[in-house]
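Quick notes on the structure that follows.
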Amino acid sequence: MNAVFSPAPLALGLLAGVLSLAGCEPQAPAAQAQPAAVETAPLAPQAWQPATEIAVEDLQLLSETSFWPGARFLLSSEKQGLYLLDEQGVGLAHLPGRFGALDQRSDAEGLLLASVDIDRQQPMLVALRGADRRWGEPVYLPRASFKVDGLCLSRDAADNQFLFLVGEEGIGEQWLVAQALQPLAEPRLVRRLSLPPASEHCRVDDDAELLYINEENVGLWAYAAGAEDDLIRQPVGLRQPFGDIAEAMGGMAVVPGGVLALDPEAGVLHRYVRQGKGWRAEAPLSLPGLEEPERLSARPLEGGLELLIGGDSGLYRAQLDWAPDAPALAGPLSVLTPLVQTDEVPSLGDAADDPAIWLHPDEPSRSRVLGTDKQGGLLVYDLQGRQLQDLRVGRLNNVDLRAGFDLGGQRVDLAVASHRDGNALQFFAIDRASGELSDLGLAPTALSDIYGLCLFQQPDGVIHAIANDKDGTFVQYRLDGSSGRVQATLARQFKVASQPEGCVADDRNQRLFVGEEDVAVWTLDARAEAPAELQQVIAAGDRVRADIEGLAFYQGEQRDYLVISSQGNDSYVVLDGQAPYAVRGAFRIGLDAARGIDGVSETDGLEVTSANLGGPWSQGMLVVQDGRKRMPEGRQNYKYLPWSAVAEALGLE
């Protein structure tokens with residue numbers, strides 16, 4: 001019988017206070033219990049003992065066993081080592097040593113096992129391949145600055161494996177440790193984690209990308225598990241009177257659509273079903289005869305689950321005639337990897353924002369990437385990502401450029417940025433031979449809070465700067481440099497209903513695309529003398545998740561494409577560049593373990609070119625801002641991807 005519990009008013013008020021203080025997401029409350037004690041139904045586990053007596057520390061049931069038919073159990077022992085056992089508990093493989101917490105991932109070729117080597121006080125990874133049925137060479141992570149009490153593996157859509165380390169003082173780490181279940185020779189630290197104190201157990205739901213962690217005297221928490229995700233937690237189950245847990249929270253096991261968790265002090269098995277962004281508590285099950293059941297593993301069966309439970313009174317097996325309905329998951333997007341990352345921006349915090357690509361007129365390999373540091377200036381990088389210039393001119397948000405600007409009779413390329421300190425247009429000349437930028441000064445705008453910016457070049461070469469305000473106002477300025485200084489003359493003004501930022505112009509077809517962050521991408525005639533009639537290109541929704549951020553336009557020989565930064569789900573959506581603007585697909589940018597480049601998330605600005613820059617950039621290049629620098633953590637930067645990878649992934653012409 002399923003039960004949905006309702007908290008008492010006092011408990012609700014206290015829970016809201018706890019969530020506020022803890023920095024949690026209050027919109028997804030824990031599965032909650034009624035204030036009275038919860039009646040539990042009994043489960044009848046049967047005592048079980050392996051053929052060889054083992055002092056078990058941690059345990060796992062294997063769901064995938066095709067790599068070694070008949071394999072069923074993994075056990076770790078602080079005295080005897082690691083064991084792979086068959087259904088009867090007979091040993092198949094043994095790795096001597098002293099080991100603690102345990103987790104594994106497996107496929108048809110073998111398994112990857114992670115544990116804590118107690119003698120060395122280091123997390124360890126070892127592969128067991130089905131072909132030779134022998135343990136590989138162990139790979140050790142560096143000794144942590146804290147005692148590792150728990151660990152758990154995760155696997156992302158690109159088949160990268162990560163290891164989470166948990167310490168009871170509220171310290172944790174996430175490491176990239178393997179690809180396709182093959183341990184990396186040198187694991188890479190992805191990020192450090194601030195976790196609840198008194199935590200010892202963790203497990204990851206790979207499909208839902210959720211990390212579950214216990215807080216012994218508080219409850220069970222869920223975090224987003226992705227390497228690029230924010231460290232935001234949600235309560236799954238809490239102690240009474242806030243939830244349905246009577247005493248404490250111990251080990252847990254992930255099952256399709258939910259999670260099982262033990263209350264070792266009360267001898268109870270809790271069940272939670274995922275529903276939307278929250279969890280529903282089902283009636284808990286008592287475990288009569290089990291003393292301090294602390295470790296748990298589960299394996300799906302037809303219509304139910306097989307359980308393995310470990311505690312002070314030994315090992316127990318049980319079958320549970322219960323299986324939650326697994327929620328439908330969105331089909332995975334293609335995951336592409338960066339080829340190059342730039343040096344980090346100088347400023348801390350949210351600093352990098354918007355890139356632009358300058359094309360060298362004679363030597364494409366000497367082209368440059370410009371990137372704003374919105375805490376203080378403009379940065380210039382080469383195609384290898386090395387910083388070449390740092391122009392400290394003030395807080396710049398967006399930048400764009402066009403070639404062939406007449407500056408007092410001299411032909412230069414012009415870069416323009418939105419200058420937030422002065423609500424102005426900031427101008428730079430780009431030397432066409434060297435690519436070096438020089439400051440040309442400012443021109444004030446009519447905006448009170450300048451934000452986004454892009455350029456449009458008419459067929460006769462005249463350049464326009466289009467800037468926007470957070471209130472939705474757009475202003476279009478005609479630029480003239482014949483006097484030797486850049487003059488900006490207001491040519492048109494229009495408005496969207498709410499906050500915009502990204503914009504880009506299709507010079508060839510004289511179209512302007514603007515992004516209204518929470519609403520839609522719009523298009524209109526880019527010519528200043530034309531009416532500003534907005535037409536919707538794509539609305540914010542399932543395809544493009546608010547915030548709509550950077551926009552870029554790829555002008556190819558056969559087809560044009562509009563590229564959108566869908567910040568709400570850390571993806572990039574590609575549309576045809578002409579009406580009816582059909583969606584051609586979407587992708588994400590993941591990490592490249594071999595190059596040591598982290599994935600990309602929280603992208604503000606991006607830029608693309610179809611120019612042949614040589615080598616991997618022969619079909620052009622996509623540059624994106626990375627809002628979270630990981631592996632290791634650091635200041636923000638920009639990532640480069642070959643357009644050929646995007647075209648291949650999405651089947652573009």
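A note on labels: chains of the structure tokens are A, B, ... as shown, every chain counts residues from 1, and ligands are counted from 1 in their shown order.
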Might you pull out every residue within 12 Å of Gly651 (chain A), with only C-alpha atoms counted and same-chain residues fewer than 6 positions away left off, and present them as a PDB file with N, CA and C atoms, in the first residue's frame?
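Below is the file that was written, selection32.pdb:
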```pdb
ATOM      1  N   SER A 334      23.385  14.755 -28.208  1.00  0.00           N
ATOM      2  CA  SER A 334      24.771  14.497 -28.583  1.00  0.00           C
ATOM      3  C   SER A 334      25.687  15.287 -27.662  1.00  0.00           C
ATOM      4  N   VAL A 574      20.519  24.425 -32.704  1.00  0.00           N
ATOM      5  CA  VAL A 574      20.854  24.904 -34.044  1.00  0.00           C
ATOM      6  C   VAL A 574      19.589  24.913 -34.888  1.00  0.00           C
ATOM      7  N   VAL A 583      14.202  23.610 -36.603  1.00  0.00           N
ATOM      8  CA  VAL A 583      15.191  23.152 -35.624  1.00  0.00           C
ATOM      9  C   VAL A 583      15.947  21.970 -36.219  1.00  0.00           C
ATOM     10  N   ARG A 584      17.273  22.083 -36.256  1.00  0.00           N
ATOM     11  CA  ARG A 584      18.096  21.014 -36.820  1.00  0.00           C
ATOM     12  C   ARG A 584      18.676  20.089 -35.762  1.00  0.00           C
ATOM     13  N   GLY A 585      18.578  20.484 -34.511  1.00  0.00           N
ATOM     14  CA  GLY A 585      19.073  19.623 -33.441  1.00  0.00           C
ATOM     15  C   GLY A 585      19.700  20.419 -32.322  1.00  0.00           C
ATOM     16  N   ALA A 586      20.192  19.700 -31.336  1.00  0.00           N
ATOM     17  CA  ALA A 586      20.819  20.321 -30.168  1.00  0.00           C
ATOM     18  C   ALA A 586      21.935  19.411 -29.676  1.00  0.00           C
ATOM     19  N   PHE A 587      22.843  19.978 -28.920  1.00  0.00           N
ATOM     20  CA  PHE A 587      23.953  19.203 -28.376  1.00  0.00           C
ATOM     21  C   PHE A 587      24.421  19.836 -27.077  1.00  0.00           C
ATOM     22  N   TRP A 643      33.611  23.323 -36.064  1.00  0.00           N
ATOM     23  CA  TRP A 643      32.242  23.264 -36.567  1.00  0.00           C
ATOM     24  C   TRP A 643      31.958  21.917 -37.228  1.00  0.00           C
ATOM     25  N   SER A 644      32.968  21.273 -37.768  1.00  0.00           N
ATOM     26  CA  SER A 644      32.771  19.972 -38.403  1.00  0.00           C
ATOM     27  C   SER A 644      32.164  18.975 -37.428  1.00  0.00           C
ATOM     28  N   ALA A 645      32.509  19.067 -36.133  1.00  0.00           N
ATOM     29  CA  ALA A 645      31.941  18.159 -35.136  1.00  0.00           C
ATOM     30  C   ALA A 645      30.452  18.424 -34.949  1.00  0.00           C
TER      31      ALA A 645
END
```
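Residues within 6 Å of region 519-528 of chain A, counting only C-alpha atoms and excluding same-chain residues fewer than 4 positions away, are Ala491, Arg492, Gln510, Arg511, Leu512, Phe513, Val514, Gly515, Glu533, Leu534, Gln535, Gln536, Val537, Ile538, Ala539 and Ala540 of chain A.
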Any chance you can output those residues with all heavy atoms as a CSV table (one decimal), in the first residue's frame?
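The file below, selection15.csv, is the result:
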```
chain,number,residue,atom,x,y,z
A,491,ALA,N,20.0,55.7,-35.0
A,491,ALA,CA,19.3,55.6,-36.2
A,491,ALA,C,17.9,54.9,-36.0
A,491,ALA,O,17.0,55.1,-36.8
A,491,ALA,CB,20.1,54.7,-37.2
A,492,ARG,N,17.7,54.2,-34.9
A,492,ARG,CA,16.5,53.5,-34.7
A,492,ARG,C,16.4,53.0,-33.2
A,492,ARG,O,17.4,52.8,-32.6
A,492,ARG,CB,16.3,52.3,-35.6
A,492,ARG,CG,15.0,51.5,-35.5
A,492,ARG,CD,14.8,50.5,-36.6
A,492,ARG,NE,15.7,49.4,-36.5
A,492,ARG,CZ,15.5,48.2,-37.2
A,492,ARG,NH1,14.4,48.0,-37.9
A,492,ARG,NH2,16.4,47.3,-37.1
A,510,GLN,N,20.4,40.8,-44.4
A,510,GLN,CA,19.9,42.0,-43.7
A,510,GLN,C,18.8,41.7,-42.6
A,510,GLN,O,17.8,42.4,-42.6
A,510,GLN,CB,19.5,43.1,-44.7
A,510,GLN,CG,20.6,43.5,-45.6
A,510,GLN,CD,20.2,44.6,-46.6
A,510,GLN,OE1,20.3,45.8,-46.2
A,510,GLN,NE2,19.8,44.2,-47.8
A,511,ARG,N,19.1,40.7,-41.8
A,511,ARG,CA,18.1,40.3,-40.8
A,511,ARG,C,18.8,40.4,-39.5
A,511,ARG,O,20.0,40.1,-39.3
A,511,ARG,CB,17.6,38.8,-41.0
A,511,ARG,CG,16.9,38.5,-42.2
A,511,ARG,CD,15.6,39.3,-42.4
A,511,ARG,NE,14.7,39.0,-41.3
A,511,ARG,CZ,13.5,39.7,-41.2
A,511,ARG,NH1,13.2,40.6,-42.0
A,511,ARG,NH2,12.7,39.3,-40.2
A,512,LEU,N,18.1,40.8,-38.4
A,512,LEU,CA,18.6,40.8,-37.1
A,512,LEU,C,17.8,39.8,-36.2
A,512,LEU,O,16.6,39.7,-36.3
A,512,LEU,CB,18.4,42.3,-36.5
A,512,LEU,CG,18.9,42.5,-35.1
A,512,LEU,CD1,20.4,42.4,-35.0
A,512,LEU,CD2,18.4,43.9,-34.7
A,513,PHE,N,18.6,39.1,-35.4
A,513,PHE,CA,18.0,38.2,-34.4
A,513,PHE,C,18.3,38.6,-33.0
A,513,PHE,O,19.4,39.0,-32.7
A,513,PHE,CB,18.6,36.8,-34.6
A,513,PHE,CG,18.3,36.2,-36.0
A,513,PHE,CD1,19.1,36.4,-37.1
A,513,PHE,CD2,17.1,35.4,-36.2
A,513,PHE,CE1,18.9,35.9,-38.3
A,513,PHE,CE2,16.9,34.9,-37.5
A,513,PHE,CZ,17.7,35.1,-38.5
A,514,VAL,N,17.2,38.7,-32.2
A,514,VAL,CA,17.4,39.1,-30.8
A,514,VAL,C,16.8,38.1,-29.9
A,514,VAL,O,15.7,37.5,-30.2
A,514,VAL,CB,16.8,40.5,-30.6
A,514,VAL,CG1,17.4,41.6,-31.5
A,514,VAL,CG2,15.2,40.5,-30.8
A,515,GLY,N,17.4,38.0,-28.7
A,515,GLY,CA,16.9,37.0,-27.7
A,515,GLY,C,16.3,37.7,-26.5
A,515,GLY,O,16.9,38.6,-25.9
A,533,GLU,N,9.5,45.3,-37.0
A,533,GLU,CA,8.4,44.4,-36.8
A,533,GLU,C,9.0,43.0,-36.4
A,533,GLU,O,9.6,42.4,-37.1
A,533,GLU,CB,7.6,44.2,-38.1
A,533,GLU,CG,6.9,45.5,-38.5
A,533,GLU,CD,6.2,45.4,-39.8
A,533,GLU,OE1,6.3,44.4,-40.5
A,533,GLU,OE2,5.5,46.4,-40.2
A,534,LEU,N,8.7,42.6,-35.1
A,534,LEU,CA,9.3,41.4,-34.6
A,534,LEU,C,8.5,40.2,-35.0
A,534,LEU,O,7.2,40.2,-35.0
A,534,LEU,CB,9.3,41.5,-33.1
A,534,LEU,CG,10.1,42.6,-32.4
A,534,LEU,CD1,9.9,42.6,-30.9
A,534,LEU,CD2,11.6,42.3,-32.7
A,535,GLN,N,9.2,39.2,-35.5
A,535,GLN,CA,8.6,37.9,-35.8
A,535,GLN,C,9.3,36.8,-35.0
A,535,GLN,O,10.5,36.8,-34.8
A,535,GLN,CB,8.8,37.6,-37.3
A,535,GLN,CG,8.2,38.6,-38.2
A,535,GLN,CD,8.5,38.3,-39.7
A,535,GLN,OE1,9.6,37.7,-39.9
A,535,GLN,NE2,7.7,38.8,-40.6
A,536,GLN,N,8.5,35.9,-34.4
A,536,GLN,CA,9.0,34.9,-33.5
A,536,GLN,C,9.8,33.8,-34.3
A,536,GLN,O,9.3,33.3,-35.3
A,536,GLN,CB,7.9,34.2,-32.7
A,536,GLN,CG,8.5,33.2,-31.7
A,536,GLN,CD,7.4,32.7,-30.8
A,536,GLN,OE1,6.9,33.4,-29.9
A,536,GLN,NE2,7.0,31.4,-31.0
A,537,VAL,N,11.0,33.5,-33.9
A,537,VAL,CA,11.8,32.4,-34.5
A,537,VAL,C,11.6,31.1,-33.7
A,537,VAL,O,11.3,30.1,-34.3
A,537,VAL,CB,13.3,32.8,-34.5
A,537,VAL,CG1,14.1,31.7,-35.0
A,537,VAL,CG2,13.5,34.1,-35.4
A,538,ILE,N,11.7,31.2,-32.4
A,538,ILE,CA,11.5,30.0,-31.6
A,538,ILE,C,11.2,30.5,-30.2
A,538,ILE,O,11.8,31.5,-29.7
A,538,ILE,CB,12.7,29.1,-31.6
A,538,ILE,CG1,12.4,27.8,-30.8
A,538,ILE,CG2,13.9,29.7,-31.0
A,538,ILE,CD1,13.4,26.7,-31.0
A,539,ALA,N,10.2,29.9,-29.5
A,539,ALA,CA,9.8,30.3,-28.2
A,539,ALA,C,10.6,29.5,-27.1
A,539,ALA,O,11.0,28.4,-27.4
A,539,ALA,CB,8.3,30.1,-28.0
A,540,ALA,N,10.8,30.1,-26.0
A,540,ALA,CA,11.4,29.3,-24.8
A,540,ALA,C,10.4,28.2,-24.5
A,540,ALA,O,9.2,28.4,-24.4
A,540,ALA,CB,11.6,30.3,-23.7
```
Quick one: residues within 10 Å of Leu301 (chain A), only C-alpha atoms, excluding same-chain residues fewer than 2 positions away - as an MDAnalysis selection string? chainID A and resid 63 298:299 303:306 319:323
Write out the residues from the selection above, keeping all heavy atoms, as a tab-separated table (two decimals), in the first residue's frame.
```tsv
chain	number	residue	atom	x	y	z
A	63	SER	N	23.95	-6.23	-11.36
A	63	SER	CA	22.83	-6.33	-12.29
A	63	SER	C	23.30	-6.81	-13.66
A	63	SER	O	22.60	-7.57	-14.33
A	63	SER	CB	22.14	-4.97	-12.43
A	63	SER	OG	21.58	-4.57	-11.20
A	298	ALA	N	20.54	-3.30	-4.16
A	298	ALA	CA	19.30	-3.78	-4.76
A	298	ALA	C	19.54	-4.10	-6.23
A	298	ALA	O	20.32	-3.43	-6.91
A	298	ALA	CB	18.18	-2.75	-4.62
A	299	ARG	N	18.83	-5.13	-6.71
A	299	ARG	CA	18.93	-5.53	-8.12
A	299	ARG	C	17.51	-5.73	-8.64
A	299	ARG	O	16.72	-6.48	-8.06
A	299	ARG	CB	19.73	-6.82	-8.25
A	299	ARG	CG	19.97	-7.27	-9.68
A	299	ARG	CD	20.87	-8.50	-9.69
A	299	ARG	NE	20.13	-9.70	-9.31
A	299	ARG	CZ	19.53	-10.53	-10.17
A	299	ARG	NH1	19.57	-10.27	-11.47
A	299	ARG	NH2	18.90	-11.60	-9.73
A	303	GLY	N	9.15	-7.43	-11.93
A	303	GLY	CA	8.09	-7.00	-11.02
A	303	GLY	C	8.53	-6.69	-9.61
A	303	GLY	O	7.69	-6.47	-8.74
A	304	GLY	N	9.84	-6.68	-9.35
A	304	GLY	CA	10.27	-6.41	-8.00
A	304	GLY	C	11.76	-6.19	-7.89
A	304	GLY	O	12.42	-5.80	-8.85
A	305	LEU	N	12.30	-6.48	-6.69
A	305	LEU	CA	13.70	-6.22	-6.41
A	305	LEU	C	14.29	-7.36	-5.59
A	305	LEU	O	13.60	-7.95	-4.74
A	305	LEU	CB	13.86	-4.91	-5.62
A	305	LEU	CG	13.40	-3.62	-6.26
A	305	LEU	CD1	13.39	-2.50	-5.22
A	305	LEU	CD2	14.29	-3.24	-7.44
A	306	GLU	N	15.55	-7.65	-5.83
A	306	GLU	CA	16.33	-8.49	-4.94
A	306	GLU	C	17.17	-7.59	-4.07
A	306	GLU	O	17.80	-6.64	-4.57
A	306	GLU	CB	17.23	-9.44	-5.74
A	306	GLU	CG	18.11	-10.31	-4.85
A	306	GLU	CD	19.09	-11.16	-5.64
A	306	GLU	OE1	19.07	-11.10	-6.89
A	306	GLU	OE2	19.90	-11.87	-5.00
A	319	GLN	N	13.55	-10.67	-1.17
A	319	GLN	CA	12.90	-10.23	-2.40
A	319	GLN	C	11.74	-9.32	-2.03
A	319	GLN	O	10.98	-9.63	-1.10
A	319	GLN	CB	12.42	-11.42	-3.22
A	319	GLN	CG	13.55	-12.19	-3.88
A	319	GLN	CD	13.08	-13.09	-5.00
A	319	GLN	OE1	11.92	-13.06	-5.40
A	319	GLN	NE2	13.99	-13.91	-5.52
A	320	LEU	N	11.64	-8.23	-2.74
A	320	LEU	CA	10.62	-7.22	-2.46
A	320	LEU	C	9.71	-7.12	-3.67
A	320	LEU	O	10.16	-6.81	-4.77
A	320	LEU	CB	11.29	-5.89	-2.15
A	320	LEU	CG	10.39	-4.70	-1.82
A	320	LEU	CD1	9.52	-5.00	-0.61
A	320	LEU	CD2	11.24	-3.45	-1.58
A	321	ASP	N	8.43	-7.40	-3.46
A	321	ASP	CA	7.45	-7.34	-4.54
A	321	ASP	C	6.99	-5.90	-4.73
A	321	ASP	O	5.85	-5.54	-4.44
A	321	ASP	CB	6.27	-8.26	-4.21
A	321	ASP	CG	5.27	-8.35	-5.36
A	321	ASP	OD1	5.67	-8.03	-6.50
A	321	ASP	OD2	4.11	-8.72	-5.12
A	322	TRP	N	7.93	-5.10	-5.17
A	322	TRP	CA	7.66	-3.65	-5.32
A	322	TRP	C	8.67	-3.08	-6.30
A	322	TRP	O	9.87	-3.39	-6.23
A	322	TRP	CB	7.79	-2.95	-3.98
A	322	TRP	CG	7.70	-1.45	-4.04
A	322	TRP	CD1	6.56	-0.70	-4.07
A	322	TRP	CD2	8.79	-0.53	-4.06
A	322	TRP	NE1	6.87	0.65	-4.10
A	322	TRP	CE2	8.23	0.78	-4.10
A	322	TRP	CE3	10.18	-0.66	-4.05
A	322	TRP	CZ2	9.02	1.92	-4.14
A	322	TRP	CZ3	10.96	0.49	-4.09
A	322	TRP	CH2	10.38	1.76	-4.13
A	323	ALA	N	8.19	-2.27	-7.21
A	323	ALA	CA	9.08	-1.58	-8.15
A	323	ALA	C	8.38	-0.30	-8.58
A	323	ALA	O	7.28	-0.35	-9.15
A	323	ALA	CB	9.40	-2.45	-9.36
```
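Counting only C-alpha atoms, the residue from A:Arg134, A:His464, A:Arg155, A:Arg295 that sits nearest to Leu210 (chain A) is A:Arg155.
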Per-residue DSSP, region 205-376 of chain A, filtered to strand (DSSP E), as a ChimeraX atom specification: /A:205,210-215,219-224,233-238,252-255,258-263,268-275,278-286,293-301,304-311,314-320,334-336,340-341,352-358,368-373
Nearest to Ala330 (chain A) among A:Ile309, A:Ala208, A:Leu181, A:Leu379, with distances taken over only C-alpha atoms: which residue is it? A:Ala208
Report the closest atom pair, with its distance in Å rounded to one decimal, for each residue of region 181-201 of chain A that has an atom no farther than 10 Å from region 212-228 of chain A; count only C-alpha atoms, sort by chain and then rising residue number, and write it as CSV.
```
residue,atom,partner,partner_atom,distance
A:Val190,CA,A:Ala227,CA,6.9
A:Arg191,CA,A:Ala227,CA,7.9
A:Leu195,CA,A:Ile213,CA,8.4
A:Pro196,CA,A:Glu215,CA,5.9
A:Pro197,CA,A:Glu215,CA,6.5
A:Ala198,CA,A:Glu215,CA,5.6
A:Ser199,CA,A:Glu215,CA,4.8
A:Glu200,CA,A:Asn214,CA,6.7
A:His201,CA,A:Asn214,CA,5.8
```
Output the selection as a JSON list (two decimals), in the first residue's frame - C-alpha atoms for each residue.
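Writing done, so here's out03.json:
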```json
[["chain", "number", "residue", "atom", "x", "y", "z"],
["A", 190, "VAL", "CA", 36.79, 17.78, -11.08],
["A", 191, "ARG", "CA", 35.61, 19.82, -8.08],
["A", 195, "LEU", "CA", 28.44, 18.24, 1.91],
["A", 196, "PRO", "CA", 26.35, 17.63, 5.04],
["A", 197, "PRO", "CA", 28.27, 16.65, 8.18],
["A", 198, "ALA", "CA", 27.97, 13.10, 9.53],
["A", 199, "SER", "CA", 27.71, 11.69, 6.00],
["A", 200, "GLU", "CA", 29.07, 8.25, 5.18],
["A", 201, "HIS", "CA", 26.96, 6.76, 2.40]]
```
